[in-house]
>>> print(open('work-v5.cif').read())   # mmCIF, N, CA and C atoms and all ligand atoms
data_coords
#
loop_
_atom_site.group_PDB
_atom_site.id
_atom_site.type_symbol
_atom_site.label_atom_id
_atom_site.label_comp_id
_atom_site.auth_asym_id
_atom_site.auth_seq_id
_atom_site.Cartn_x
_atom_site.Cartn_y
_atom_site.Cartn_z
ATOM 1 N N MET C 1 -5.285 -16.685 13.205
ATOM 2 C CA MET C 1 -5.353 -15.452 12.417
ATOM 3 C C MET C 1 -6.297 -15.663 11.245
ATOM 4 N N THR C 2 -7.156 -14.709 10.994
ATOM 5 C CA THR C 2 -8.096 -14.781 9.876
ATOM 6 C C THR C 2 -7.398 -14.281 8.615
ATOM 7 N N VAL C 3 -7.528 -15.047 7.546
ATOM 8 C CA VAL C 3 -6.916 -14.654 6.281
ATOM 9 C C VAL C 3 -7.948 -14.735 5.176
ATOM 10 N N GLN C 4 -7.723 -13.974 4.123
ATOM 11 C CA GLN C 4 -8.686 -13.949 3.031
ATOM 12 C C GLN C 4 -7.991 -13.544 1.737
ATOM 13 N N ALA C 5 -8.339 -14.222 0.645
ATOM 14 C CA ALA C 5 -7.808 -13.834 -0.665
ATOM 15 C C ALA C 5 -8.654 -12.698 -1.223
ATOM 16 N N ILE C 6 -8.018 -11.790 -1.955
ATOM 17 C CA ILE C 6 -8.780 -10.693 -2.564
ATOM 18 C C ILE C 6 -9.210 -11.134 -3.952
ATOM 19 N N PRO C 7 -10.481 -11.017 -4.273
ATOM 20 C CA PRO C 7 -10.912 -11.393 -5.629
ATOM 21 C C PRO C 7 -10.225 -10.511 -6.668
ATOM 22 N N GLU C 8 -9.978 -11.080 -7.851
ATOM 23 C CA GLU C 8 -9.311 -10.313 -8.914
ATOM 24 C C GLU C 8 -10.100 -9.076 -9.298
ATOM 25 N N THR C 9 -11.424 -9.139 -9.160
ATOM 26 C CA THR C 9 -12.228 -7.961 -9.494
ATOM 27 C C THR C 9 -11.879 -6.791 -8.584
ATOM 28 N N ILE C 10 -11.442 -7.077 -7.373
ATOM 29 C CA ILE C 10 -11.062 -5.995 -6.464
ATOM 30 C C ILE C 10 -9.642 -5.516 -6.777
ATOM 31 N N THR C 11 -8.724 -6.435 -7.065
ATOM 32 C CA THR C 11 -7.357 -5.998 -7.363
ATOM 33 C C THR C 11 -7.332 -5.132 -8.614
ATOM 34 N N ALA C 12 -8.315 -5.320 -9.506
ATOM 35 C CA ALA C 12 -8.357 -4.506 -10.725
ATOM 36 C C ALA C 12 -8.589 -3.034 -10.406
ATOM 37 N N VAL C 13 -9.140 -2.720 -9.249
ATOM 38 C CA VAL C 13 -9.409 -1.324 -8.908
ATOM 39 C C VAL C 13 -8.494 -0.790 -7.818
ATOM 40 N N LEU C 14 -7.528 -1.575 -7.367
ATOM 41 C CA LEU C 14 -6.582 -1.075 -6.371
ATOM 42 C C LEU C 14 -5.741 0.021 -7.011
ATOM 43 N N ARG C 15 -5.776 1.206 -6.449
ATOM 44 C CA ARG C 15 -5.023 2.318 -7.038
ATOM 45 C C ARG C 15 -4.946 3.450 -6.018
ATOM 46 N N PRO C 16 -3.747 3.924 -5.723
ATOM 47 C CA PRO C 16 -3.658 5.093 -4.842
ATOM 48 C C PRO C 16 -4.092 6.340 -5.603
ATOM 49 N N ALA C 17 -4.399 7.407 -4.895
ATOM 50 C CA ALA C 17 -4.689 8.677 -5.554
ATOM 51 C C ALA C 17 -3.404 9.202 -6.190
ATOM 52 N N ARG C 18 -3.527 9.935 -7.279
ATOM 53 C CA ARG C 18 -2.328 10.461 -7.955
ATOM 54 C C ARG C 18 -1.603 11.495 -7.102
ATOM 55 N N TYR C 19 -2.337 12.245 -6.314
ATOM 56 C CA TYR C 19 -1.737 13.184 -5.361
ATOM 57 C C TYR C 19 -1.906 12.619 -3.953
ATOM 58 N N ASN C 20 -0.932 12.867 -3.090
ATOM 59 C CA ASN C 20 -1.121 12.473 -1.699
ATOM 60 C C ASN C 20 -2.086 13.455 -1.033
ATOM 61 N N TYR C 21 -2.319 13.304 0.277
ATOM 62 C CA TYR C 21 -3.303 14.158 0.956
ATOM 63 C C TYR C 21 -2.896 15.632 0.918
ATOM 64 N N ALA C 22 -1.611 15.899 0.729
ATOM 65 C CA ALA C 22 -1.128 17.283 0.670
ATOM 66 C C ALA C 22 -1.028 17.772 -0.772
ATOM 67 N N GLN C 23 -1.652 17.027 -1.703
ATOM 68 C CA GLN C 23 -1.710 17.431 -3.110
ATOM 69 C C GLN C 23 -0.354 17.375 -3.808
ATOM 70 N N VAL C 24 0.510 16.457 -3.373
ATOM 71 C CA VAL C 24 1.813 16.263 -4.003
ATOM 72 C C VAL C 24 1.737 15.021 -4.892
ATOM 73 N N CYS C 25 2.187 15.152 -6.122
ATOM 74 C CA CYS C 25 2.177 14.054 -7.107
ATOM 75 C C CYS C 25 3.041 12.900 -6.600
ATOM 76 N N ILE C 26 2.497 11.680 -6.632
ATOM 77 C CA ILE C 26 3.259 10.538 -6.119
ATOM 78 C C ILE C 26 4.344 10.095 -7.095
ATOM 79 N N ALA C 27 4.309 10.614 -8.318
ATOM 80 C CA ALA C 27 5.322 10.228 -9.297
ATOM 81 C C ALA C 27 6.549 11.132 -9.248
ATOM 82 N N CYS C 28 6.345 12.444 -9.068
ATOM 83 C CA CYS C 28 7.475 13.370 -9.208
ATOM 84 C C CYS C 28 7.664 14.294 -8.000
ATOM 85 N N ASP C 29 6.859 14.110 -6.946
ATOM 86 C CA ASP C 29 6.984 14.933 -5.735
ATOM 87 C C ASP C 29 6.798 16.427 -5.995
ATOM 88 N N THR C 30 5.934 16.774 -6.932
ATOM 89 C CA THR C 30 5.631 18.183 -7.226
ATOM 90 C C THR C 30 4.181 18.456 -6.838
ATOM 91 N N ARG C 31 3.968 19.518 -6.043
ATOM 92 C CA ARG C 31 2.596 19.872 -5.648
ATOM 93 C C ARG C 31 1.831 20.375 -6.862
ATOM 94 N N TRP C 32 0.593 19.908 -7.001
ATOM 95 C CA TRP C 32 -0.310 20.274 -8.091
ATOM 96 C C TRP C 32 0.320 20.009 -9.466
ATOM 97 N N CYS C 33 1.091 18.943 -9.563
ATOM 98 C CA CYS C 33 1.732 18.548 -10.827
ATOM 99 C C CYS C 33 0.697 18.436 -11.945
ATOM 100 N N THR C 34 1.027 18.970 -13.102
ATOM 101 C CA THR C 34 0.140 18.839 -14.267
ATOM 102 C C THR C 34 0.868 18.150 -15.423
ATOM 103 N N SER C 35 1.972 17.473 -15.114
ATOM 104 C CA SER C 35 2.778 16.837 -16.152
ATOM 105 C C SER C 35 1.997 15.750 -16.898
ATOM 106 N N ALA C 36 2.002 15.854 -18.222
ATOM 107 C CA ALA C 36 1.352 14.826 -19.043
ATOM 108 C C ALA C 36 2.056 13.482 -18.865
ATOM 109 N N GLU C 37 3.371 13.539 -18.628
ATOM 110 C CA GLU C 37 4.142 12.315 -18.423
ATOM 111 C C GLU C 37 3.689 11.593 -17.151
ATOM 112 N N CYS C 38 3.522 12.364 -16.068
ATOM 113 C CA CYS C 38 3.061 11.763 -14.813
ATOM 114 C C CYS C 38 1.653 11.196 -14.969
ATOM 115 N N LEU C 39 0.795 11.948 -15.643
ATOM 116 C CA LEU C 39 -0.581 11.487 -15.825
ATOM 117 C C LEU C 39 -0.607 10.195 -16.644
ATOM 118 N N ALA C 40 0.215 10.129 -17.698
ATOM 119 C CA ALA C 40 0.262 8.928 -18.533
ATOM 120 C C ALA C 40 0.774 7.737 -17.726
ATOM 121 N N TRP C 41 1.827 7.979 -16.920
ATOM 122 C CA TRP C 41 2.346 6.907 -16.075
ATOM 123 C C TRP C 41 1.259 6.424 -15.120
ATOM 124 N N TYR C 42 0.578 7.391 -14.483
ATOM 125 C CA TYR C 42 -0.426 7.030 -13.479
ATOM 126 C C TYR C 42 -1.561 6.225 -14.110
ATOM 127 N N GLU C 43 -2.044 6.678 -15.240
ATOM 128 C CA GLU C 43 -3.180 5.992 -15.862
ATOM 129 C C GLU C 43 -2.818 4.596 -16.346
ATOM 130 N N ALA C 44 -1.547 4.390 -16.720
ATOM 131 C CA ALA C 44 -1.125 3.069 -17.191
ATOM 132 C C ALA C 44 -0.673 2.162 -16.053
ATOM 133 N N SER C 45 -0.487 2.728 -14.866
ATOM 134 C CA SER C 45 0.088 1.939 -13.773
ATOM 135 C C SER C 45 -0.892 0.901 -13.240
ATOM 136 N N VAL C 46 -0.330 -0.195 -12.730
ATOM 137 C CA VAL C 46 -1.095 -1.291 -12.144
ATOM 138 C C VAL C 46 -0.594 -1.433 -10.714
ATOM 139 N N TRP C 47 -1.494 -1.717 -9.796
ATOM 140 C CA TRP C 47 -1.138 -1.727 -8.376
ATOM 141 C C TRP C 47 -1.549 -3.026 -7.707
ATOM 142 N N GLN C 48 -0.855 -3.346 -6.638
ATOM 143 C CA GLN C 48 -1.187 -4.543 -5.847
ATOM 144 C C GLN C 48 -0.964 -4.229 -4.379
ATOM 145 N N VAL C 49 -1.546 -5.057 -3.531
ATOM 146 C CA VAL C 49 -1.309 -4.907 -2.099
ATOM 147 C C VAL C 49 0.175 -5.126 -1.840
ATOM 148 N N CYS C 50 0.771 -4.257 -1.061
ATOM 149 C CA CYS C 50 2.210 -4.291 -0.795
ATOM 150 C C CYS C 50 2.616 -5.636 -0.195
ATOM 151 N N HIS C 51 3.653 -6.233 -0.765
ATOM 152 C CA HIS C 51 4.088 -7.551 -0.292
ATOM 153 C C HIS C 51 4.870 -7.460 1.010
ATOM 154 N N ARG C 52 5.382 -6.254 1.337
ATOM 155 C CA ARG C 52 6.170 -6.128 2.573
ATOM 156 C C ARG C 52 5.289 -5.991 3.809
ATOM 157 N N CYS C 53 4.236 -5.177 3.697
ATOM 158 C CA CYS C 53 3.412 -4.869 4.881
ATOM 159 C C CYS C 53 2.005 -5.430 4.779
ATOM 160 N N ASP C 54 1.669 -6.148 3.719
ATOM 161 C CA ASP C 54 0.309 -6.674 3.484
ATOM 162 C C ASP C 54 -0.742 -5.570 3.485
ATOM 163 N N GLY C 55 -0.331 -4.344 3.234
ATOM 164 C CA GLY C 55 -1.290 -3.250 3.150
ATOM 165 C C GLY C 55 -1.508 -2.502 4.459
ATOM 166 N N PHE C 56 -0.794 -2.898 5.523
ATOM 167 C CA PHE C 56 -0.988 -2.246 6.825
ATOM 168 C C PHE C 56 -0.074 -1.038 7.016
ATOM 169 N N THR C 57 0.797 -0.797 6.065
ATOM 170 C CA THR C 57 1.689 0.370 5.976
ATOM 171 C C THR C 57 2.829 0.407 6.993
ATOM 172 N N PHE C 58 2.905 -0.585 7.870
ATOM 173 C CA PHE C 58 4.018 -0.676 8.810
ATOM 174 C C PHE C 58 4.635 -2.067 8.712
ATOM 175 N N VAL C 59 5.957 -2.139 8.809
ATOM 176 C CA VAL C 59 6.663 -3.407 8.923
ATOM 177 C C VAL C 59 7.298 -3.376 10.307
ATOM 178 N N GLY C 60 6.745 -4.141 11.231
ATOM 179 C CA GLY C 60 7.166 -4.008 12.624
ATOM 180 C C GLY C 60 6.830 -2.602 13.087
ATOM 181 N N LEU C 61 7.829 -1.907 13.596
ATOM 182 C CA LEU C 61 7.595 -0.543 14.072
ATOM 183 C C LEU C 61 7.914 0.506 13.012
ATOM 184 N N ASN C 62 8.350 0.063 11.842
ATOM 185 C CA ASN C 62 8.823 1.005 10.834
ATOM 186 C C ASN C 62 7.786 1.251 9.743
ATOM 187 N N PRO C 63 7.581 2.525 9.377
ATOM 188 C CA PRO C 63 6.707 2.803 8.231
ATOM 189 C C PRO C 63 7.249 2.083 7.004
ATOM 190 N N CYS C 64 6.348 1.506 6.212
ATOM 191 C CA CYS C 64 6.781 0.680 5.079
ATOM 192 C C CYS C 64 7.351 1.525 3.944
ATOM 193 N N GLY C 65 6.740 2.666 3.665
ATOM 194 C CA GLY C 65 7.195 3.464 2.528
ATOM 195 C C GLY C 65 6.434 3.180 1.253
ATOM 196 N N CYS C 66 5.443 2.319 1.320
ATOM 197 C CA CYS C 66 4.620 2.065 0.131
ATOM 198 C C CYS C 66 3.558 3.161 0.016
ATOM 199 N N PHE C 67 2.690 3.063 -0.966
ATOM 200 C CA PHE C 67 1.653 4.073 -1.179
ATOM 201 C C PHE C 67 0.375 3.649 -0.465
ATOM 202 N N HIS C 68 0.281 3.961 0.821
ATOM 203 C CA HIS C 68 -0.918 3.631 1.608
ATOM 204 C C HIS C 68 -1.296 2.164 1.468
ATOM 205 N N GLY C 69 -0.285 1.279 1.531
ATOM 206 C CA GLY C 69 -0.563 -0.162 1.490
ATOM 207 C C GLY C 69 -0.517 -0.767 0.102
ATOM 208 N N LEU C 70 -0.268 0.053 -0.907
ATOM 209 C CA LEU C 70 -0.174 -0.462 -2.274
ATOM 210 C C LEU C 70 1.235 -0.271 -2.812
ATOM 211 N N GLU C 71 1.598 -1.095 -3.794
ATOM 212 C CA GLU C 71 2.852 -0.930 -4.509
ATOM 213 C C GLU C 71 2.568 -1.108 -5.989
ATOM 214 N N GLU C 72 3.393 -0.461 -6.813
ATOM 215 C CA GLU C 72 3.205 -0.597 -8.251
ATOM 216 C C GLU C 72 3.534 -2.026 -8.657
ATOM 217 N N ALA C 73 2.792 -2.519 -9.619
ATOM 218 C CA ALA C 73 2.929 -3.912 -10.047
ATOM 219 C C ALA C 73 3.008 -3.981 -11.552
ATOM 220 N N SER C 74 3.357 -5.138 -12.050
ATOM 221 C CA SER C 74 3.185 -5.425 -13.471
ATOM 222 C C SER C 74 1.844 -6.149 -13.586
ATOM 223 N N PRO C 75 1.248 -6.199 -14.775
ATOM 224 C CA PRO C 75 -0.009 -6.959 -14.904
ATOM 225 C C PRO C 75 0.153 -8.396 -14.420
ATOM 226 N N GLU C 76 1.335 -8.987 -14.668
ATOM 227 C CA GLU C 76 1.572 -10.373 -14.244
ATOM 228 C C GLU C 76 1.655 -10.476 -12.723
ATOM 229 N N SER C 77 2.410 -9.557 -12.102
ATOM 230 C CA SER C 77 2.543 -9.663 -10.645
ATOM 231 C C SER C 77 1.223 -9.319 -9.958
ATOM 232 N N ALA C 78 0.405 -8.437 -10.567
ATOM 233 C CA ALA C 78 -0.895 -8.111 -9.970
ATOM 234 C C ALA C 78 -1.816 -9.321 -10.014
ATOM 235 N N ALA C 79 -1.762 -10.080 -11.100
ATOM 236 C CA ALA C 79 -2.586 -11.290 -11.192
ATOM 237 C C ALA C 79 -2.152 -12.302 -10.140
ATOM 238 N N GLU C 80 -0.828 -12.420 -9.979
ATOM 239 C CA GLU C 80 -0.289 -13.317 -8.954
ATOM 240 C C GLU C 80 -0.695 -12.828 -7.562
ATOM 241 N N ALA C 81 -0.597 -11.507 -7.352
ATOM 242 C CA ALA C 81 -0.929 -10.940 -6.042
ATOM 243 C C ALA C 81 -2.400 -11.137 -5.700
ATOM 244 N N SER C 82 -3.245 -11.182 -6.705
ATOM 245 C CA SER C 82 -4.680 -11.340 -6.430
ATOM 246 C C SER C 82 -4.986 -12.716 -5.852
ATOM 247 N N ARG C 83 -4.056 -13.646 -6.005
ATOM 248 C CA ARG C 83 -4.264 -14.977 -5.431
ATOM 249 C C ARG C 83 -3.638 -15.105 -4.053
ATOM 250 N N ARG C 84 -2.936 -14.059 -3.620
ATOM 251 C CA ARG C 84 -2.338 -14.102 -2.286
ATOM 252 C C ARG C 84 -3.416 -14.152 -1.223
ATOM 253 N N VAL C 85 -3.132 -14.878 -0.164
ATOM 254 C CA VAL C 85 -4.028 -14.912 0.984
ATOM 255 C C VAL C 85 -3.506 -13.881 1.977
ATOM 256 N N LEU C 86 -4.367 -12.929 2.306
ATOM 257 C CA LEU C 86 -3.938 -11.806 3.134
ATOM 258 C C LEU C 86 -4.558 -11.862 4.521
ATOM 259 N N PRO C 87 -3.808 -11.452 5.539
ATOM 260 C CA PRO C 87 -4.397 -11.350 6.875
ATOM 261 C C PRO C 87 -5.414 -10.219 6.917
ATOM 262 N N ILE C 88 -6.454 -10.401 7.715
ATOM 263 C CA ILE C 88 -7.483 -9.372 7.871
ATOM 264 C C ILE C 88 -6.949 -8.215 8.714
ATOM 265 N N ARG C 89 -6.131 -8.550 9.732
ATOM 266 C CA ARG C 89 -5.557 -7.525 10.592
ATOM 267 C C ARG C 89 -4.065 -7.781 10.731
ATOM 268 N N PRO C 90 -3.285 -6.748 11.033
ATOM 269 C CA PRO C 90 -1.838 -6.951 11.180
ATOM 270 C C PRO C 90 -1.527 -7.894 12.327
ATOM 271 N N SER C 91 -0.408 -8.599 12.194
ATOM 272 C CA SER C 91 -0.067 -9.627 13.178
ATOM 273 C C SER C 91 0.143 -9.047 14.566
ATOM 274 N N PHE C 92 0.494 -7.746 14.675
ATOM 275 C CA PHE C 92 0.703 -7.208 16.015
ATOM 276 C C PHE C 92 -0.603 -7.073 16.795
ATOM 277 N N TYR C 93 -1.746 -7.381 16.176
ATOM 278 C CA TYR C 93 -3.014 -7.437 16.912
ATOM 279 C C TYR C 93 -3.354 -8.855 17.363
ATOM 280 N N ASP C 94 -2.525 -9.846 16.990
ATOM 281 C CA ASP C 94 -2.813 -11.216 17.409
ATOM 282 C C ASP C 94 -2.911 -11.290 18.928
ATOM 283 N N GLU C 95 -3.874 -12.078 19.401
ATOM 284 C CA GLU C 95 -4.131 -12.138 20.838
ATOM 285 C C GLU C 95 -2.917 -12.569 21.635
ATOM 286 N N ASP C 96 -2.150 -13.528 21.095
ATOM 287 C CA ASP C 96 -1.025 -14.039 21.870
ATOM 288 C C ASP C 96 0.276 -13.297 21.576
ATOM 289 N N ALA C 97 0.195 -12.269 20.754
ATOM 290 C CA ALA C 97 1.405 -11.492 20.489
ATOM 291 C C ALA C 97 1.604 -10.455 21.593
ATOM 292 N N GLU C 98 2.844 -10.053 21.790
ATOM 293 C CA GLU C 98 3.126 -8.980 22.736
ATOM 294 C C GLU C 98 2.431 -7.710 22.242
ATOM 295 N N PRO C 99 1.806 -6.956 23.140
ATOM 296 C CA PRO C 99 1.195 -5.705 22.690
ATOM 297 C C PRO C 99 2.254 -4.724 22.189
ATOM 298 N N VAL C 100 1.988 -4.107 21.073
ATOM 299 C CA VAL C 100 2.934 -3.153 20.485
ATOM 300 C C VAL C 100 2.192 -1.860 20.220
ATOM 301 N N ARG C 101 2.714 -0.774 20.717
ATOM 302 C CA ARG C 101 2.131 0.532 20.402
ATOM 303 C C ARG C 101 2.944 1.143 19.280
ATOM 304 N N VAL C 102 2.284 1.466 18.200
ATOM 305 C CA VAL C 102 2.969 2.062 17.061
ATOM 306 C C VAL C 102 2.672 3.555 17.068
ATOM 307 N N LEU C 103 3.701 4.337 17.283
ATOM 308 C CA LEU C 103 3.535 5.785 17.342
ATOM 309 C C LEU C 103 4.315 6.429 16.209
ATOM 310 N N PRO C 104 3.819 7.521 15.708
ATOM 311 C CA PRO C 104 4.633 8.267 14.736
ATOM 312 C C PRO C 104 5.994 8.574 15.344
ATOM 313 N N ARG C 105 7.017 8.627 14.490
ATOM 314 C CA ARG C 105 8.398 8.778 14.964
ATOM 315 C C ARG C 105 8.575 9.986 15.879
ATOM 316 N N ARG C 106 7.872 11.077 15.571
ATOM 317 C CA ARG C 106 8.089 12.296 16.362
ATOM 318 C C ARG C 106 7.612 12.140 17.805
ATOM 319 N N TRP C 107 6.735 11.141 18.068
ATOM 320 C CA TRP C 107 6.247 10.934 19.421
ATOM 321 C C TRP C 107 7.002 9.831 20.154
ATOM 322 N N ALA C 108 7.744 9.031 19.433
ATOM 323 C CA ALA C 108 8.409 7.885 20.042
ATOM 324 C C ALA C 108 9.701 8.335 20.719
ATOM 325 N N ASN C 109 9.931 7.840 21.903
ATOM 326 C CA ASN C 109 11.193 8.132 22.583
ATOM 327 C C ASN C 109 11.531 7.049 23.574
HETATM 328 ZN ZN ZN C 201 4.087 14.596 -11.322
HETATM 329 ZN ZN ZN C 202 3.917 -1.598 2.390
#
>>> encode(input="work-v5.cif", output="structure tokens")
Amino acid sequence: MTVQAIPETITAVLRPARYNYAQVCIACDTRWCTSAECLAWYEASVWQVCHRCDGFTFVGLNPCGCFHGLEEASPESAAEASRRVLPIRPSFYDEDAEPVRVLPRRWAN
């Protein structure tokens, strides 16, 4: 498996969008939120690659629940996370692993 550490210069810019693709605020679940509190939280927030899914957004067959592969961090944990060695691709793509098809829940049966 190919692995690579992310330079700290890149972790400094890791940040999800404040609204999801449907324009819902990731802090308060309100569409088109204009809350000064949410904006202040967002601007002060620090992010790192999710420790559960390594940024691939799935843990096994289950959606991780992180923000598109990122999780909120403290400045200390983000510095620590920047030294993590991360896989380039999720382990379910490993050649010797059993093939796994990951389908959205509504299609799985
Ligand atoms: Zn909000
Ligand atoms: Zn995750």
>>> atom_distance(input="work-v5.cif", atom1="atom C of Arg31 (chain C)", atom2="CA of Gly69 (chain C)")
22.3 Å
>>> residues_near_ligand(input="work-v5.cif", ligand="ligand ZN 201 (chain C)", cutoff="7 Å", atoms="only C-alpha atoms and all ligand atoms", output="list of chain:residue names")
C:Cys25, C:Ile26, C:Ala27, C:Cys28, C:Asp29, C:Thr30, C:Cys33, C:Thr34, C:Ser35, C:Cys38
>>> resolve_selection(input="work-v5.cif", expression="the PyMOL selection byres (((chain C and resi 67) around 8) and not hetatm)", output="list of chain:residue names")
C:Arg15, C:Pro16, C:Ala17, C:Cys50, C:Gly55, C:Thr57, C:Cys64, C:Gly65, C:Cys66, C:His68, C:Gly69, C:Leu70, C:Glu71, C:Glu72
>>> closest_residue(input="work-v5.cif", among="C:Tyr93, C:Ser82, C:Leu61, C:His51", to="ligand ZN 202 (chain C)", atoms="only C-alpha atoms and all ligand atoms")
C:His51
>>> atom_distance(input="work-v5.cif", atom1="atom C of Arg89 (chain C)", atom2="CA of Phe56 (chain C)")
7.4 Å
>>> closest_residue(input="work-v5.cif", among="C:Val59, C:Ala40, C:Val13, C:Val24", to="ligand ZN 202 (chain C)", atoms="only N, CA and C atoms and all ligand atoms")
C:Val59
>>> atom_distance(input="work-v5.cif", atom1="CA of Arg84 (chain C)", atom2="CA of Val46 (chain C)")
16.2 Å
>>> select_by_dssp(input="work-v5.cif", residues="region 37-83 of chain C", states="alpha helix (DSSP H)", output="ChimeraX atom specification")
/C:37-44,75-81
>>> closest_residue(input="work-v5.cif", among="C:Glu43, C:Phe58, C:Ala36, C:Arg18", to="ligand ZN 202 (chain C)", atoms="all atoms listed in the file")
C:Phe58
>>> closest_residue(input="work-v5.cif", among="C:Leu39, C:Tyr21, C:Ser45, C:Arg52", to="ligand ZN 202 (chain C)", atoms="only N, CA and C atoms and all ligand atoms")
C:Arg52
>>> residues_near_point(input="work-v5.cif", point="(1.6, -5.4, -16.6)", cutoff="12 Å", atoms="only C-alpha atoms", output="list in words")
Ala12, Ala44, Ser45, Val46, Trp47, Gln48, Glu72, Ala73, Ser74, Pro75, Glu76, Ser77, Ala78, Ala79 and Glu80 of chain C
>>> write_last_selection(input="work-v5.cif", atoms="N, CA and C atoms", output="CSV table (one decimal), in the coordinates of the input")
chain,number,residue,atom,x,y,z
C,12,ALA,N,-8.3,-5.3,-9.5
C,12,ALA,CA,-8.4,-4.5,-10.7
C,12,ALA,C,-8.6,-3.0,-10.4
C,44,ALA,N,-1.5,4.4,-16.7
C,44,ALA,CA,-1.1,3.1,-17.2
C,44,ALA,C,-0.7,2.2,-16.1
C,45,SER,N,-0.5,2.7,-14.9
C,45,SER,CA,0.1,1.9,-13.8
C,45,SER,C,-0.9,0.9,-13.2
C,46,VAL,N,-0.3,-0.2,-12.7
C,46,VAL,CA,-1.1,-1.3,-12.1
C,46,VAL,C,-0.6,-1.4,-10.7
C,47,TRP,N,-1.5,-1.7,-9.8
C,47,TRP,CA,-1.1,-1.7,-8.4
C,47,TRP,C,-1.5,-3.0,-7.7
C,48,GLN,N,-0.9,-3.3,-6.6
C,48,GLN,CA,-1.2,-4.5,-5.8
C,48,GLN,C,-1.0,-4.2,-4.4
C,72,GLU,N,3.4,-0.5,-6.8
C,72,GLU,CA,3.2,-0.6,-8.3
C,72,GLU,C,3.5,-2.0,-8.7
C,73,ALA,N,2.8,-2.5,-9.6
C,73,ALA,CA,2.9,-3.9,-10.0
C,73,ALA,C,3.0,-4.0,-11.6
C,74,SER,N,3.4,-5.1,-12.0
C,74,SER,CA,3.2,-5.4,-13.5
C,74,SER,C,1.8,-6.1,-13.6
C,75,PRO,N,1.2,-6.2,-14.8
C,75,PRO,CA,0.0,-7.0,-14.9
C,75,PRO,C,0.2,-8.4,-14.4
C,76,GLU,N,1.3,-9.0,-14.7
C,76,GLU,CA,1.6,-10.4,-14.2
C,76,GLU,C,1.7,-10.5,-12.7
C,77,SER,N,2.4,-9.6,-12.1
C,77,SER,CA,2.5,-9.7,-10.6
C,77,SER,C,1.2,-9.3,-10.0
C,78,ALA,N,0.4,-8.4,-10.6
C,78,ALA,CA,-0.9,-8.1,-10.0
C,78,ALA,C,-1.8,-9.3,-10.0
C,79,ALA,N,-1.8,-10.1,-11.1
C,79,ALA,CA,-2.6,-11.3,-11.2
C,79,ALA,C,-2.2,-12.3,-10.1
C,80,GLU,N,-0.8,-12.4,-10.0
C,80,GLU,CA,-0.3,-13.3,-9.0
C,80,GLU,C,-0.7,-12.8,-7.6
>>> closest_residue(input="work-v5.cif", among="C:Ala81, C:Ala22, C:Val49, C:Ile88", to="ligand ZN 202 (chain C)", atoms="only N, CA and C atoms and all ligand atoms")
C:Val49
